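Below: the structure, in structure tokens.
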Amino acid sequence: MKASMKHSISVLFVILSSLSINAQEIISPNGKIKVVLNLSEKNTEHNLFFKALYKIENKFVEVLPDSKLGINRVDEQFADNLRLISTSKPVSIHDKYEMVCGKRQQCENSGTEKTFSFQNSNHQPLDIIFRVYNDGIAFRYVFPNQSDSKVNVIGEATTYVLPENTSRWMQPFNLAYEGFYPLSKTGLNIDKYQEWGFPALYKVNNQPVWALISEADITENNCGAKLSNLKNTNQYQVTYPNGRDNFKQDGVKTTLPWNSQWHTLIIGKLSDIVESTLITDVSQPSQLKDTDWIKPGAVSWIYWANNHGSKDYQKVAEYVDLAVEMNWPYVLIDWEWDVMTNGGDINTAVNYAKSKGIKPLMWYNSGSIWLDPTPNDRLLTAEKRAKEFSWLNKIGVYGIKVDFFAGDHQDMMKYYIDILKDAAKYHLMVNFHGATIPRGWARTYPNLMTTEAVYGAEWYNNDQVLTNKAAVHNTTLPFTRNAIGSMDYTPVTFSNSQHPHITSYAHELALSVVFESGLQHFADRPSAYKALPPEPKNFLKEIPTAWDDTKLIDGDPGEKIVIARKKGNQWYIGGLNGKGEPQTLIIKFDFLDKGNYDLHLIKDGKDDKSFSSETIKIKKGSTVNVECLPGGGFVGVIK
């Protein structure tokens, strides 16, 4: 062999060694998910990358190619020139906990954790903690050193890389998270505004593997993040909110030690995405000693049908009467209750509800200065909250709906948490509206029952867009927004509000099962529910809003979903057709225990405004085909 060839091989060996010598692996307990960290040398810079892999038929496929890690403060940067100092031994995680509402009451997860300790070029420490669960991965940054001086964490280098032509369902970012999740293979936004809100769903090219990107366990010392692919349409960088001047990032101001939120990636089949509790798994345990007073339930809701709040006492009384007739425990007294007239005021309304055995909930403006709905500015300080919540206890109110929050900055995260903490002191349940997405707080503060953060049914009041897009949207949400936490879509409307909807009556009925929300606000006018045939009407009288288990039976984002939820000894099935043409939805009963059961179906009738029903004998392993109209659907109860 020539000397020059020997020299080339030697150089190549050194280069390859320098690229891989720091590679580290973490594998989930079930062996299906693997994370590989690699500290590579490029142009004298030490860049840190990670990749995620998923095992199919004994072979690992790449879910996430090499994606950069790193974080920066004003005083120090930790994105380049990092040096690995030590790696901890793997730590087994096995956690069991109980949820008040959500996909299931009893939650259990298993994972493996490793801590990687680095130093930057100034010898300042950074730890990165990785957890690999059986259904995904989570990682966070930690500044472990102690300092009482404030530091400013200004942004991350964290970037999720997707191969070209990856199918992805992502919502263009807006402060209220009220938008669609359109299918895209380019990563381009038609408005050329390349920022995206969590969660972000994508399918691994040519593989039956999916991933859902989000974040969890945000505290008062964090801000909420978003994704930006402005530099490269297939590279999504974790980005902190714009500063108050709208030009530079505010970031987080904190003392040390400090940790970031958990960055999460749910990985697996579509059923893994829908059934996963990873967001709450990585979040702090409940901070409430007593949760017996927290009761999920159905709510009659006044706004949708009237496109107005609760200033008319007579209308409020109608919705109290509706709750009585439909066996729903709650009524929501919406905005403008502070100026209620026409026969009564807020005290009259609350007393009327209580006299009928209905528990009142009340709406509040969070304190936004750019929106007028009242009451406003009653919750902005601890003193104001104490005064207001004490009064609510006195008159007999069970919960609050707080609306119009101003973004994902650190001060807003603190405001959310302060409301939850203070409301819990007064045994008040909370619904966040016009708000950020769920980030695991429902575990930490179980009085958080639901969050809007969705392009929901109230948009029939605002725009005609949902008329033609609702069926596709409704069959996308279970795989995206509702996969990360309770969703206050305000569903199940049969009549029309300001703009018509063309989904079938059976489709609308099915939303009560397909969409999960601890407080499920049923939005239609009283006359629409009273006019229902006995079977769908009785179904809505009995439908639970908190579940013991959840199973995805079949689905494809934007096209169809069949989902099963269990309460006690009964399974409830909901199916939606997302297409503008008839479709047969298939129910496979592999999830049942042995035995014989009756499946009672309520499904599309001869047209989109009628129902039909049948009872079918089934057992474990049975298959039932349900014919659905365009934008149609069905519900079922297994007894």
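Residue names in the structure tokens use chain letters A, B, ... in the order shown, residue numbers from 1 in each chain, and ligand numbers from 1 in the order shown.
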
Inset, instruction - Would you kindly return, as a VMD selection string, each protein, DNA or RNA residue with an atom no farther than 9 Å from any atom of region 188-195 of chain A, considering only C-alpha atoms and excluding same-chain residues fewer than 6 positions away? - result: chain A and resid 171 to 174 226 to 231 233 236 239

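Close contacts of Leu64 (chain A), defined as residues with an atom at most 7 Å away when counting only C-alpha atoms, with chain neighbours fewer than 6 positions off set aside, comprise Lys51, Ala52, Leu53, Val161 and Leu162 of chain A.
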
Using N, CA and C atoms, can you export the residues from the last selection as a PDB file, in the first residue's frame?
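After the write, result-v6.pdb holds the following:
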ATOM      1  N   LYS A  51     -30.447  12.796  17.745  1.00  0.00           N
ATOM      2  CA  LYS A  51     -31.386  12.210  16.802  1.00  0.00           C
ATOM      3  C   LYS A  51     -32.260  11.222  17.540  1.00  0.00           C
ATOM      4  N   ALA A  52     -33.463  10.974  16.989  1.00  0.00           N
ATOM      5  CA  ALA A  52     -34.407  10.038  17.593  1.00  0.00           C
ATOM      6  C   ALA A  52     -34.709   8.926  16.601  1.00  0.00           C
ATOM      7  N   LEU A  53     -34.774   7.694  17.108  1.00  0.00           N
ATOM      8  CA  LEU A  53     -35.043   6.531  16.273  1.00  0.00           C
ATOM      9  C   LEU A  53     -36.141   5.685  16.905  1.00  0.00           C
ATOM     10  N   VAL A 161     -35.197  18.960  12.981  1.00  0.00           N
ATOM     11  CA  VAL A 161     -34.956  18.851  11.545  1.00  0.00           C
ATOM     12  C   VAL A 161     -35.846  17.766  10.952  1.00  0.00           C
ATOM     13  N   LEU A 162     -36.563  18.101   9.891  1.00  0.00           N
ATOM     14  CA  LEU A 162     -37.406  17.141   9.186  1.00  0.00           C
ATOM     15  C   LEU A 162     -36.864  16.925   7.779  1.00  0.00           C
TER      16      LEU A 162
END

Inset, instruction - Per DSSP on the backbone, filter region 163-219 of chain A down to the residues in strand (DSSP E) and report them as number ranges by chain. - result: A: 167-172, 183-184, 195-203, 210-216

Can I get the selected residues back with C-alpha atoms, as a PDB file, in the first residue's frame?
ATOM      1  CA  SER A 167     -46.070  15.390   5.741  1.00  0.00           C
ATOM      2  CA  ARG A 168     -46.728  17.779   8.604  1.00  0.00           C
ATOM      3  CA  TRP A 169     -49.753  19.286  10.324  1.00  0.00           C
ATOM      4  CA  MET A 170     -48.798  22.562  12.024  1.00  0.00           C
ATOM      5  CA  GLN A 171     -50.715  25.640  13.095  1.00  0.00           C
ATOM      6  CA  PRO A 172     -49.398  29.058  12.027  1.00  0.00           C
ATOM      7  CA  LEU A 183     -51.383  19.363   5.808  1.00  0.00           C
ATOM      8  CA  SER A 184     -48.143  20.568   4.229  1.00  0.00           C
ATOM      9  CA  GLU A 195     -43.712  30.755  12.884  1.00  0.00           C
ATOM     10  CA  TRP A 196     -45.688  27.805  14.192  1.00  0.00           C
ATOM     11  CA  GLY A 197     -47.443  26.993  17.438  1.00  0.00           C
ATOM     12  CA  PHE A 198     -47.234  23.784  19.403  1.00  0.00           C
ATOM     13  CA  PRO A 199     -48.168  21.004  19.055  1.00  0.00           C
ATOM     14  CA  ALA A 200     -46.637  20.085  15.691  1.00  0.00           C
ATOM     15  CA  LEU A 201     -47.480  16.725  14.117  1.00  0.00           C
ATOM     16  CA  TYR A 202     -45.523  14.980  11.370  1.00  0.00           C
ATOM     17  CA  LYS A 203     -45.303  11.561   9.740  1.00  0.00           C
ATOM     18  CA  TRP A 210     -45.579   9.626  13.691  1.00  0.00           C
ATOM     19  CA  ALA A 211     -44.227  12.292  16.031  1.00  0.00           C
ATOM     20  CA  LEU A 212     -45.848  15.161  17.918  1.00  0.00           C
ATOM     21  CA  ILE A 213     -43.621  18.018  19.114  1.00  0.00           C
ATOM     22  CA  SER A 214     -44.661  20.138  22.085  1.00  0.00           C
ATOM     23  CA  GLU A 215     -43.468  21.225  25.549  1.00  0.00           C
ATOM     24  CA  ALA A 216     -44.494  20.777  29.173  1.00  0.00           C
TER      25      ALA A 216
END

Inset, instruction - Compile the contact shell of region 163-166 of chain A as a list of chain:residue names: residues with an atom at most 7 Å away, counting only C-alpha atoms, same-chain residues fewer than 3 positions apart removed. - result: A:Lys185, A:Thr186, A:Tyr202, A:Lys203, A:Val204, A:Asn205, A:Asn234

Saved selection, atoms kept: C-alpha atoms, as a short mmCIF file (atom, residue, chain, number, x, y, z; two decimals), in the first residue's frame:
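So the final result, stored in part05.cif, reads:
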data_model
loop_
_atom_site.label_atom_id
_atom_site.label_comp_id
_atom_site.auth_asym_id
_atom_site.auth_seq_id
_atom_site.Cartn_x
_atom_site.Cartn_y
_atom_site.Cartn_z
CA LYS A 185 -45.10 18.92 2.67
CA THR A 186 -43.14 22.11 2.14
CA TYR A 202 -45.52 14.98 11.37
CA LYS A 203 -45.30 11.56 9.74
CA VAL A 204 -41.93 9.97 9.12
CA ASN A 205 -41.43 9.61 5.37
CA ASN A 234 -37.41 21.87 7.11
#

Legend entry - Neighbour list for region 609-614 of chain A as a ChimeraX atom specification, cut-off 8 Å, only C-alpha atoms, skip fewer than 6 positions in-chain: /A:504-506,600-603

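Closest to Ser121 (chain A) among A:Leu532, A:Val91, A:Leu84, A:Met99 is A:Leu84, based on only C-alpha atoms.
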